[in-house]
>>> print(open('entry-v8.cif').read())   # mmCIF, C-alpha atoms
data_input
loop_
_atom_site.label_atom_id
_atom_site.label_comp_id
_atom_site.auth_asym_id
_atom_site.auth_seq_id
_atom_site.Cartn_x
_atom_site.Cartn_y
_atom_site.Cartn_z
CA MET S 85 -7.82 33.37 -26.93
CA ARG S 86 -6.50 29.81 -26.65
CA ILE S 87 -5.70 28.72 -23.12
CA LYS S 88 -2.37 27.00 -22.57
CA VAL S 89 -2.44 23.82 -20.49
CA LYS S 90 0.37 22.11 -18.68
CA ILE S 91 0.03 18.67 -17.15
CA ILE S 92 1.56 18.39 -13.72
CA LYS S 93 3.69 15.30 -14.00
CA GLU S 94 3.37 14.03 -10.47
CA THR S 95 -0.35 14.39 -10.03
CA HIS S 96 -1.75 14.63 -13.53
CA GLY S 97 -3.40 17.84 -12.46
CA LEU S 98 -3.42 20.65 -14.96
CA VAL S 99 -2.32 24.26 -14.87
CA ILE S 100 -3.87 26.82 -17.12
CA GLY S 101 -2.22 29.92 -18.54
CA ASP S 102 -2.15 33.13 -16.56
CA GLU S 103 -1.29 31.02 -13.51
CA LYS S 104 -4.85 29.97 -13.03
CA ASN S 105 -5.54 26.41 -11.92
CA LEU S 106 -8.40 24.27 -13.15
CA ARG S 107 -9.55 20.86 -12.02
CA PRO S 108 -7.95 18.13 -14.16
CA ASN S 109 -11.21 16.84 -15.65
CA ILE S 110 -12.33 20.35 -16.67
CA ALA S 111 -8.97 21.10 -18.25
CA THR S 112 -9.02 17.75 -20.06
CA GLU S 113 -12.41 18.58 -21.52
CA LEU S 114 -11.11 21.95 -22.65
CA VAL S 115 -8.27 20.24 -24.50
CA LYS S 116 -10.62 17.70 -26.07
CA ALA S 117 -12.94 20.50 -27.17
CA GLY S 118 -10.07 22.34 -28.79
CA ILE S 119 -10.45 25.31 -26.48
CA ALA S 120 -7.22 24.67 -24.61
CA GLU S 121 -3.83 23.79 -25.97
CA TYR S 122 -1.58 21.21 -24.30
CA VAL S 123 1.85 22.76 -24.04
CA GLY S 124 3.86 20.42 -21.86
CA THR S 125 4.62 18.91 -18.53
CA VAL S 126 5.79 20.55 -15.33
CA GLY S 127 6.97 19.22 -11.98
CA THR S 128 5.25 18.98 -8.65
CA ARG S 129 3.74 22.19 -7.39
CA PRO S 130 5.59 23.68 -4.41
CA GLN S 131 2.42 23.65 -2.30
CA ASN S 132 2.36 19.88 -2.71
CA VAL S 133 5.39 19.56 -0.44
CA VAL S 134 5.41 19.61 3.35
CA ASP S 135 8.22 19.84 5.83
CA ALA S 136 9.06 16.67 7.75
CA ALA S 137 6.84 16.40 10.80
CA PRO S 138 8.38 15.74 14.20
CA VAL S 139 7.31 12.26 15.14
CA THR S 140 7.99 9.76 17.89
CA VAL S 141 8.56 6.21 16.69
CA ASP S 142 7.71 3.42 19.09
CA VAL S 143 9.51 0.29 17.89
CA ILE S 144 7.83 -2.96 18.84
CA GLU S 145 9.79 -6.10 18.09
CA MET S 146 7.52 -9.03 17.42
CA ASP S 147 9.99 -11.40 19.05
CA GLU S 148 9.11 -9.85 22.39
CA ALA S 149 6.33 -11.38 24.44
CA PRO S 150 2.97 -9.68 23.96
CA GLU S 151 1.33 -7.86 26.82
CA ALA S 152 -1.11 -9.86 28.90
CA ASP S 153 -4.61 -9.94 27.47
CA ASP S 154 -7.59 -11.15 29.39
CA ALA S 155 -9.23 -12.34 26.19
CA PRO S 156 -8.30 -15.76 24.83
CA ALA S 157 -5.49 -15.95 22.29
CA GLN S 158 -6.56 -15.48 18.68
CA ALA S 159 -6.24 -19.19 18.02
CA THR S 160 -8.94 -19.86 20.58
CA LEU S 161 -11.28 -17.16 19.30
CA THR S 162 -13.65 -19.69 17.86
CA ARG S 163 -17.09 -18.86 16.57
CA GLU S 164 -18.50 -20.89 19.48
CA TYR S 165 -16.67 -18.73 21.99
CA LEU S 166 -17.61 -15.48 20.27
CA GLU S 167 -21.25 -16.46 20.15
CA THR S 168 -21.26 -16.70 23.94
CA LEU S 169 -20.46 -12.98 24.16
CA ASP S 170 -23.09 -10.29 24.14
CA LYS S 171 -22.81 -7.21 21.95
CA LYS S 172 -21.07 -5.16 24.63
CA GLU S 173 -18.48 -7.83 25.28
CA LEU S 174 -17.89 -8.25 21.55
CA LYS S 175 -17.39 -4.50 21.18
CA ALA S 176 -14.88 -4.50 24.05
CA LEU S 177 -13.04 -7.41 22.46
CA CYS S 178 -12.92 -5.56 19.15
CA GLU S 179 -11.44 -2.52 20.88
CA ARG S 180 -8.81 -4.57 22.68
CA ARG S 181 -7.79 -6.10 19.37
CA ASN S 182 -7.83 -2.83 17.50
CA VAL S 183 -10.61 -4.03 15.26
CA ALA S 184 -13.14 -1.37 14.46
CA PRO S 185 -16.66 -2.78 14.72
CA ARG S 186 -18.94 -1.48 12.00
CA ALA S 187 -21.51 1.05 13.06
CA LYS S 188 -24.46 -1.17 12.21
CA ALA S 189 -22.75 -4.45 12.97
CA THR S 190 -24.76 -7.29 14.33
CA ASN S 191 -23.08 -9.90 16.48
CA GLY S 192 -22.63 -12.08 13.41
CA GLU S 193 -20.91 -9.36 11.46
CA ILE S 194 -18.54 -8.58 14.29
CA ILE S 195 -17.66 -12.25 14.49
CA GLU S 196 -16.93 -12.27 10.77
CA LEU S 197 -14.76 -9.21 11.23
CA LEU S 198 -12.82 -10.77 14.08
CA LEU S 199 -12.26 -13.97 12.18
CA LEU S 200 -11.11 -11.94 9.23
CA VAL S 201 -8.27 -10.27 11.07
CA MET Q 85 18.19 -10.44 3.58
CA ILE Q 86 15.63 -8.10 2.07
CA THR Q 87 13.09 -5.75 3.69
CA ALA Q 88 9.34 -5.70 3.10
CA ALA Q 89 8.33 -2.14 3.98
CA LEU Q 90 4.65 -1.78 4.75
CA PRO Q 91 3.41 1.69 5.71
CA THR Q 92 -0.26 1.84 6.54
CA TYR Q 93 -2.86 4.18 7.95
CA ASN Q 94 -6.50 3.61 8.86
CA ASN Q 95 -6.41 0.36 6.92
CA ALA Q 96 -7.30 -2.46 9.33
CA GLN Q 97 -10.06 -3.64 7.03
CA ILE Q 98 -7.72 -4.36 4.11
CA ILE Q 99 -4.13 -4.78 5.33
CA TRP Q 100 -4.76 -8.49 5.87
CA LEU Q 101 -4.59 -8.82 2.06
CA GLN Q 102 -0.91 -7.85 1.89
CA LEU Q 103 -0.07 -9.74 5.07
CA GLU Q 104 -1.71 -12.92 3.83
CA SER Q 105 0.24 -12.73 0.59
CA LEU Q 106 3.47 -12.22 2.50
CA CYS Q 107 2.64 -15.25 4.65
CA ALA Q 108 2.39 -17.24 1.41
CA GLN Q 109 5.88 -16.45 0.10
CA VAL Q 110 7.60 -19.49 -1.39
CA ASP Q 111 11.33 -20.22 -1.62
CA ALA Q 112 12.06 -16.83 -0.09
CA PRO Q 113 15.50 -15.85 1.16
CA ALA Q 114 15.63 -14.45 4.69
CA TRP Q 115 13.53 -11.30 4.83
CA GLU Q 116 12.16 -8.86 7.37
CA LEU Q 117 8.82 -7.12 7.63
CA ILE Q 118 8.53 -3.57 8.96
CA VAL Q 119 5.04 -2.17 9.43
CA CYS Q 120 4.72 1.54 10.14
CA GLU Q 121 1.40 2.90 11.32
CA GLU Q 122 -0.06 5.97 12.96
CA LYS Q 123 -2.83 5.67 15.49
CA SER Q 124 -6.29 5.89 13.99
CA GLU Q 125 -9.78 4.56 14.58
CA ASN Q 126 -8.96 1.64 12.34
CA THR Q 127 -5.46 0.42 13.13
CA LEU Q 128 -3.87 -2.96 12.59
CA GLY Q 129 -1.92 -2.45 15.81
CA ALA Q 130 0.98 -4.46 17.19
CA ASP Q 131 -1.41 -7.13 18.43
CA GLY Q 132 -2.99 -7.43 15.02
CA LEU Q 133 0.40 -7.89 13.41
CA ARG Q 134 1.52 -10.36 16.06
CA GLN Q 135 -1.24 -12.72 14.99
CA TYR Q 136 0.59 -13.21 11.69
CA ALA Q 137 4.00 -13.72 13.27
CA ASP Q 138 4.12 -17.52 13.19
CA ARG Q 139 2.98 -17.76 9.59
CA LEU Q 140 5.33 -14.99 8.49
CA LYS Q 141 8.22 -16.79 10.13
CA ALA Q 142 7.19 -20.00 8.38
CA ALA Q 143 7.61 -18.03 5.13
CA ASN Q 144 11.21 -17.26 6.16
CA CYS Q 145 10.48 -13.81 7.59
CA VAL Q 146 13.20 -13.68 10.22
CA LYS Q 147 12.43 -10.28 11.73
CA ILE Q 148 9.17 -8.42 12.30
CA LYS Q 149 9.02 -4.84 13.52
CA TYR Q 150 6.02 -2.67 14.21
CA LEU Q 151 6.69 1.08 14.20
CA GLU Q 152 3.96 3.07 15.90
CA LEU Q 153 4.01 6.77 15.09
CA SER Q 154 2.83 9.40 17.52
CA ASN Q 155 1.18 11.48 14.80
CA TRP Q 156 0.28 11.36 11.13
CA VAL Q 157 3.10 11.98 8.69
CA PRO Q 158 3.18 12.03 4.87
CA LEU Q 159 3.76 8.70 3.14
CA GLY Q 160 7.17 9.81 1.90
CA GLN Q 161 8.30 10.45 5.44
CA LYS Q 162 6.97 7.06 6.45
CA TRP Q 163 9.11 5.38 3.82
CA ALA Q 164 12.10 7.24 5.26
CA ILE Q 165 11.23 6.17 8.80
CA ILE Q 166 11.00 2.53 7.75
CA ARG Q 167 14.27 2.90 5.85
CA ASP Q 168 15.93 4.04 9.07
CA HIS Q 169 14.93 0.75 10.71
CA MET Q 170 16.15 -1.57 7.96
CA HIS Q 171 18.29 -4.48 9.07
CA ALA Q 172 21.99 -3.91 8.42
CA ASP Q 173 22.13 -7.00 6.17
CA SER Q 174 19.17 -6.03 4.02
CA VAL Q 175 19.97 -5.53 0.33
CA GLY Q 176 16.69 -4.00 -0.77
CA PHE Q 177 13.56 -2.17 0.21
CA MET Q 178 10.32 -3.65 -1.12
CA LEU Q 179 7.54 -1.09 -1.30
CA CYS Q 180 4.41 -2.85 -0.05
CA ALA Q 181 0.89 -1.45 0.11
CA SER Q 182 -1.87 -2.56 2.45
CA ASP Q 183 -4.29 -3.30 -0.35
CA ASN Q 184 -2.01 -5.25 -2.67
CA HIS Q 185 -1.68 -8.99 -3.02
CA SER Q 186 1.93 -9.95 -3.67
CA ALA Q 187 2.76 -12.97 -5.79
CA PRO Q 188 4.27 -15.92 -3.86
CA ASP Q 189 7.65 -15.26 -5.49
CA ARG Q 190 7.77 -11.54 -4.79
CA VAL Q 191 10.41 -11.68 -2.08
CA ARG Q 192 12.60 -14.13 -3.96
CA THR Q 193 12.34 -12.25 -7.27
CA ALA Q 194 13.10 -8.90 -5.69
CA PHE Q 195 16.05 -10.34 -3.79
CA GLU Q 196 17.48 -11.90 -6.94
CA ALA Q 197 17.07 -8.64 -8.85
CA MET Q 198 18.97 -6.78 -6.14
CA GLN Q 199 21.67 -9.46 -6.15
CA ASN Q 200 21.97 -8.95 -9.89
CA GLY Q 201 22.64 -5.26 -9.42
CA ALA Q 202 19.22 -3.70 -9.96
CA GLU Q 203 18.81 -0.26 -8.41
CA TRP Q 204 15.03 -0.17 -8.71
CA CYS Q 205 13.08 -3.16 -9.95
CA GLN Q 206 9.38 -3.16 -10.75
CA TYR Q 207 6.73 -4.69 -12.96
CA ASN Q 208 5.78 -2.24 -15.68
CA THR Q 209 2.48 -4.00 -16.37
CA GLY Q 210 -0.10 -5.68 -14.18
CA GLU Q 211 -3.69 -5.85 -13.06
CA PHE Q 212 -5.72 -3.71 -10.71
CA TYR Q 213 -8.86 -5.19 -9.18
CA ASN Q 214 -11.55 -3.02 -7.63
CA ILE Q 215 -12.96 -5.01 -4.72
CA VAL Q 216 -16.11 -2.97 -4.31
CA ASP Q 217 -17.11 -2.67 -7.97
CA HIS Q 218 -15.73 -6.05 -9.11
CA LYS Q 219 -13.93 -4.41 -12.02
CA ALA Q 220 -10.42 -4.91 -13.28
CA GLY Q 221 -7.97 -2.99 -15.40
CA THR Q 222 -4.55 -3.65 -16.85
CA PHE Q 223 -2.07 -0.95 -15.96
CA THR Q 224 0.89 -0.13 -18.14
CA ALA Q 225 3.33 2.41 -16.76
CA PRO Q 226 4.57 5.28 -18.92
CA LYS Q 227 8.23 5.15 -19.88
CA ASP Q 228 10.70 5.78 -17.05
CA SER Q 229 7.92 5.99 -14.45
CA PRO Q 230 7.27 4.08 -11.24
CA ALA Q 231 5.03 1.06 -11.71
CA LEU Q 232 4.00 -2.01 -9.70
CA PHE Q 233 5.57 -4.00 -6.84
CA MET Q 234 8.65 -1.82 -6.71
CA THR Q 235 11.88 -2.61 -4.86
CA ILE Q 236 14.70 -0.14 -4.26
CA ALA Q 237 18.31 -1.18 -3.69
CA ARG Q 238 19.71 -0.46 -0.24
CA ASP Q 239 22.25 2.12 -1.36
CA ARG Q 240 19.60 3.97 -3.39
CA ILE Q 241 17.03 4.22 -0.59
CA GLN Q 242 19.80 5.18 1.82
CA ALA Q 243 20.67 8.01 -0.56
CA LEU Q 244 17.26 9.49 0.13
CA ASN Q 245 18.07 12.47 2.29
CA GLU Q 246 15.04 14.71 2.37
CA THR Q 247 13.47 16.99 4.90
CA ARG Q 248 10.50 17.86 2.73
CA TYR Q 249 7.95 15.35 1.51
CA PRO Q 250 5.30 15.49 -1.21
CA LYS Q 251 1.67 14.92 -0.39
CA LYS Q 252 1.08 13.45 -3.84
CA GLY Q 253 3.15 11.62 -6.42
CA VAL Q 254 5.24 9.89 -3.78
CA ASP Q 255 6.42 7.09 -6.08
CA SER Q 256 7.68 9.56 -8.68
CA TRP Q 257 9.34 11.58 -5.97
CA LEU Q 258 11.08 8.46 -4.64
CA LEU Q 259 12.35 7.56 -8.11
CA LYS Q 260 13.67 11.06 -8.68
CA SER Q 261 15.12 11.49 -5.19
CA THR Q 262 16.92 8.16 -5.13
CA GLY Q 263 18.23 8.66 -8.65
CA ALA Q 264 17.73 4.95 -9.29
CA LYS Q 265 17.67 3.33 -12.70
CA ILE Q 266 14.59 1.17 -13.40
CA THR Q 267 14.80 -2.55 -14.13
CA ASP Q 268 11.55 -3.85 -15.60
CA LEU Q 269 10.56 -7.33 -14.45
CA GLY Q 270 7.71 -7.56 -16.97
CA THR Q 271 4.13 -8.42 -16.07
CA ALA Q 272 3.21 -8.72 -12.41
CA LYS Q 273 1.68 -11.94 -11.11
CA GLY Q 274 0.57 -10.13 -7.98
CA ILE Q 275 -2.54 -7.95 -8.04
CA HIS Q 276 -3.09 -4.37 -6.95
CA THR Q 277 -6.53 -3.72 -5.57
CA ASP Q 278 -8.65 -0.67 -5.09
CA GLY Q 279 -11.83 0.20 -3.29
CA PHE Q 280 -10.29 0.32 0.16
CA ASN Q 281 -7.29 2.46 -0.68
CA THR Q 282 -6.87 5.38 1.67
CA ILE Q 283 -3.49 6.64 0.53
CA SER Q 284 -3.20 7.04 -3.21
CA HIS Q 285 -4.54 10.39 -4.40
CA ARG Q 286 -3.02 9.72 -7.78
CA ARG Q 287 -4.94 6.52 -8.32
CA ARG Q 288 -8.19 8.26 -7.53
CA THR Q 289 -7.34 10.87 -10.15
CA LEU Q 290 -6.60 8.16 -12.70
CA TYR Q 291 -9.85 6.37 -12.00
CA ALA Q 292 -11.78 9.63 -12.13
CA ASN Q 293 -10.82 10.03 -15.76
CA ALA Q 294 -12.48 7.61 -18.13
CA ASP Q 295 -9.35 6.82 -20.09
CA GLY Q 296 -7.06 6.72 -17.05
CA PHE Q 297 -4.72 8.96 -19.04
CA GLY Q 298 -4.04 5.94 -21.24
CA MET Q 299 -2.52 3.86 -18.43
CA PHE Q 300 -5.46 1.49 -17.91
CA ALA Q 301 -6.97 -0.99 -20.32
CA GLN Q 302 -10.06 -3.02 -19.50
CA ALA Q 303 -9.37 -6.48 -18.12
CA ASP Q 304 -11.59 -9.48 -17.44
CA GLU Q 305 -12.62 -9.01 -13.82
CA ASN Q 306 -13.58 -12.68 -13.37
CA GLU Q 307 -10.23 -13.81 -14.68
CA VAL Q 308 -8.34 -11.43 -12.40
CA PHE Q 309 -10.47 -12.35 -9.39
CA ALA Q 310 -9.85 -16.05 -10.06
CA ARG Q 311 -6.12 -15.48 -9.64
CA PHE Q 312 -6.56 -14.82 -5.92
CA PRO Q 313 -6.26 -17.94 -3.72
CA ALA Q 314 -9.65 -19.35 -2.71
CA ALA Q 315 -9.34 -18.23 0.92
CA ILE Q 316 -8.56 -14.68 -0.22
CA GLN Q 317 -11.51 -14.68 -2.60
CA GLU Q 318 -13.82 -15.55 0.29
CA LYS Q 319 -12.56 -12.63 2.35
CA LEU Q 320 -12.81 -10.24 -0.58
CA LEU Q 321 -16.42 -11.26 -1.09
CA ILE Q 322 -17.12 -10.47 2.57
CA LEU Q 323 -15.60 -7.02 2.07
CA ARG Q 324 -17.66 -6.40 -1.03
CA LYS Q 325 -20.93 -6.91 0.87
#
>>> encode(input="entry-v8.cif", output="structure tokens")
Amino acid sequence: MRIKVKIIKETHGLVIGDEKNLRPNIATELVKAGIAEYVGTVGTRPQNVVDAAPVTVDVIEMDEAPEADDAPAQATLTREYLETLDKKELKALCERRNVAPRAKATNGEIIELLLLV
Amino acid sequence: MITAALPTYNNAQIIWLQLESLCAQVDAPAWELIVCEEKSENTLGADGLRQYADRLKAANCVKIKYLELSNWVPLGQKWAIIRDHMHADSVGFMLCASDNHSAPDRVRTAFEAMQNGAEWCQYNTGEFYNIVDHKAGTFTAPKDSPALFMTIARDRIQALNETRYPKKGVDSWLLKSTGAKITDLGTAKGIHTDGFNTISHRRRTLYANADGFGMFAQADENEVFARFPAAIQEKLLILRK
């Protein structure tokens, strides 16, 4: 029995006959091998759609003055200054600036990361 | 005025790429930037965005907004949230991604296309560069499909009136929902990147298949990489390590 294959337009996933789903790469191989037959394109699957989530939006206008920060302004975050900080202080600075320090970061790497942002 | 819409999530390590390219816009009309982000372990944050404010303003960005969401929402809903905060004078809605590098004329070109009556303008062809693997591919969009560096006219994005959002295929959903007609701007000078993408399920599917369903052709990675400004190249090399 030849299996019928439909490409899902939105995701390029594939649906197999008898309402059975296969992973796209498996279905593609089936078509290439001549086992499955490509029969067309369908729309997005209903389960791929979610209802709008209730969400609170906090609007921050950049024209407003930033909140006070006990760390120096970014412009003064020189390598010389950062090198005076120990690892704990660097980590705290990263957190204040919403920069995620890497798990295995050395001081040098954290400095690179801060300068990057 | 035109709006650069930049939704992001968990992308602090790469969003600088889009922001830097927006700071480098040349001959741009007045434009606004709206960043929309949920809280995560890896946020840009309002403070992170504020550090770009002076340079963005120097590139004629006259308004910067940071929208902080209380909880994660699908990308489609994020586009709608940003749309709701567009400036009243904005003529278009530029879809920006954290990991893309816009060409210096992106804002101007999109604005001119909207002024000329485009409903949805995009580049049907352009390069993708994988930062981690140092590989590049040339993408060519199928007929009548979303492509690269897309901009939607104000009236079209305002027509989007949905209460349900797809988890995948958001670009196609936007095109269908807005009912916009595509204007092809040709080959993109900007570059899409991959390797740090945390949003696009579709792109992962394309990459997972050797032939990219016919949308990707091999490109010279050194040539594509060389198109980034020198300062950007340095930062990309740091990321690759």
>>> residues_around(input="entry-v8.cif", residues="range 221-224 of chain Q", least_positions_apart="6", cutoff="7 Å", atoms="all atoms listed in the file", output="MDAnalysis selection string")
chainID Q and resid 208:213 299:303
>>> residues_around(input="entry-v8.cif", residues="Glu116 in chain Q", least_positions_apart="6", cutoff="7 Å", atoms="only C-alpha atoms", output="NGL selection string")
:Q and (86-88 or 145-148)
>>> residues_around(input="entry-v8.cif", residues="range 188-204 of chain Q", least_positions_apart="4", cutoff="6 Å", atoms="only C-alpha atoms", output="list in words")
Ala108, Gln109, Val110, Ala112, Thr235, Ile236, Ala237, Ala264, Lys265, Ile266 and Thr267 of chain Q
>>> atom_distance(input="entry-v8.cif", atom1="CA of Asp135 in chain S", atom2="CA of Gln161 in chain Q")
9.4 Å
>>> resolve_selection(input="entry-v8.cif", expression="the PyMOL selection byres ((chain Q and resi 173-183) around 9)", output="number ranges by chain")
Q: 85-93, 95-96, 98-103, 115-116, 163, 167, 170-172, 184-186, 191, 194-195, 198-199, 203-204, 233-241, 276-281
>>> closest_atom_pairs(input="entry-v8.cif", of="chain Q", to="chain S", cutoff="7 Å", atoms="all atoms listed in the file", output="tab-separated table")
residue	atom	partner	partner_atom	distance
Q:Ala96	CA	S:Val183	CA	7.0
Q:Trp100	CA	S:Val201	CA	6.5
Q:Glu125	CA	S:Ala184	CA	6.8
Q:Asn126	CA	S:Ala184	CA	5.6
Q:Thr127	CA	S:Asn182	CA	5.9
Q:Leu128	CA	S:Asn182	CA	6.3
Q:Gly129	CA	S:Asn182	CA	6.2
Q:Asp131	CA	S:Arg181	CA	6.5
Q:Gly132	CA	S:Arg181	CA	6.6
Q:Arg134	CA	S:Met146	CA	6.3
Q:Ile148	CA	S:Met146	CA	5.4
Q:Lys149	CA	S:Glu145	CA	4.8
Q:Tyr150	CA	S:Ile144	CA	5.0
Q:Leu151	CA	S:Val143	CA	4.7
Q:Glu152	CA	S:Asp142	CA	4.9
Q:Leu153	CA	S:Val141	CA	4.9
Q:Ser154	CA	S:Thr140	CA	5.2
Q:Asn155	CA	S:Val139	CA	6.2
Q:Val157	CA	S:Ala137	CA	6.2
Q:Gln161	CA	S:Ala136	CA	6.7
Q:Thr247	CA	S:Ala136	CA	5.3
Q:Arg248	CA	S:Asp135	CA	4.3
Q:Tyr249	CA	S:Val134	CA	5.3
Q:Pro250	CA	S:Val133	CA	4.1
Q:Lys251	CA	S:Asn132	CA	5.5
Q:Lys252	CA	S:Thr95	CA	6.4
Q:Gly253	CA	S:Glu94	CA	4.7
Q:Ser256	CA	S:Glu94	CA	6.5
Q:Arg286	CA	S:Thr95	CA	5.8
Q:Asn293	CA	S:Asn109	CA	6.8
>>> atom_distance(input="entry-v8.cif", atom1="CA of Lys141 in chain Q", atom2="CA of Val119 in chain Q")
15.0 Å
>>> atom_distance(input="entry-v8.cif", atom1="CA of Asp304 in chain Q", atom2="CA of Gly274 in chain Q")
15.4 Å
>>> resolve_selection(input="entry-v8.cif", expression="the PyMOL selection byres ((chain Q and resi 107) around 6)", output="list in words")
Glu104, Ser105, Leu106, Ala108, Gln109, Arg139, Leu140 and Ala143 of chain Q
>>> residues_around(input="entry-v8.cif", residues="range 258-263 of chain Q", least_positions_apart="6", cutoff="8 Å", atoms="all atoms listed in the file", output="number ranges by chain")
Q: 160, 229-230, 240-241, 243-244
>>> residues_around(input="entry-v8.cif", residues="Tyr207 in chain Q", least_positions_apart="5", cutoff="8 Å", atoms="all atoms listed in the file", output="PyMOL selection string")
chain Q and resi 231-234+268-272
>>> decode(input="entry-v8.cif", residues="range 296-319 of chain Q", atoms="C-alpha atoms", output="PDB file, in the first residue's frame")
ATOM      1  CA  GLY Q 296      16.605  22.905   2.863  1.00  0.00           C
ATOM      2  CA  PHE Q 297      13.528  21.999   0.820  1.00  0.00           C
ATOM      3  CA  GLY Q 298      15.222  23.724  -2.108  1.00  0.00           C
ATOM      4  CA  MET Q 299      15.293  27.154  -0.434  1.00  0.00           C
ATOM      5  CA  PHE Q 300      19.009  27.240   0.401  1.00  0.00           C
ATOM      6  CA  ALA Q 301      21.976  27.177  -1.941  1.00  0.00           C
ATOM      7  CA  GLN Q 302      25.548  27.039  -0.709  1.00  0.00           C
ATOM      8  CA  ALA Q 303      27.266  30.411  -0.423  1.00  0.00           C
ATOM      9  CA  ASP Q 304      30.864  31.428   0.197  1.00  0.00           C
ATOM     10  CA  GLU Q 305      31.034  31.822   3.965  1.00  0.00           C
ATOM     11  CA  ASN Q 306      34.170  33.991   3.842  1.00  0.00           C
ATOM     12  CA  GLU Q 307      32.564  36.333   1.360  1.00  0.00           C
ATOM     13  CA  VAL Q 308      29.397  36.640   3.433  1.00  0.00           C
ATOM     14  CA  PHE Q 309      31.355  37.119   6.661  1.00  0.00           C
ATOM     15  CA  ALA Q 310      33.440  39.849   5.010  1.00  0.00           C
ATOM     16  CA  ARG Q 311      30.281  41.861   4.401  1.00  0.00           C
ATOM     17  CA  PHE Q 312      29.879  42.513   8.130  1.00  0.00           C
ATOM     18  CA  PRO Q 313      31.581  45.700   9.360  1.00  0.00           C
ATOM     19  CA  ALA Q 314      34.950  45.027  11.006  1.00  0.00           C
ATOM     20  CA  ALA Q 315      33.696  45.763  14.529  1.00  0.00           C
ATOM     21  CA  ILE Q 316      30.818  43.316  14.043  1.00  0.00           C
ATOM     22  CA  GLN Q 317      33.174  40.650  12.724  1.00  0.00           C
ATOM     23  CA  GLU Q 318      35.236  40.931  15.906  1.00  0.00           C
ATOM     24  CA  LYS Q 319      32.193  40.408  18.098  1.00  0.00           C
TER      25      LYS Q 319
END
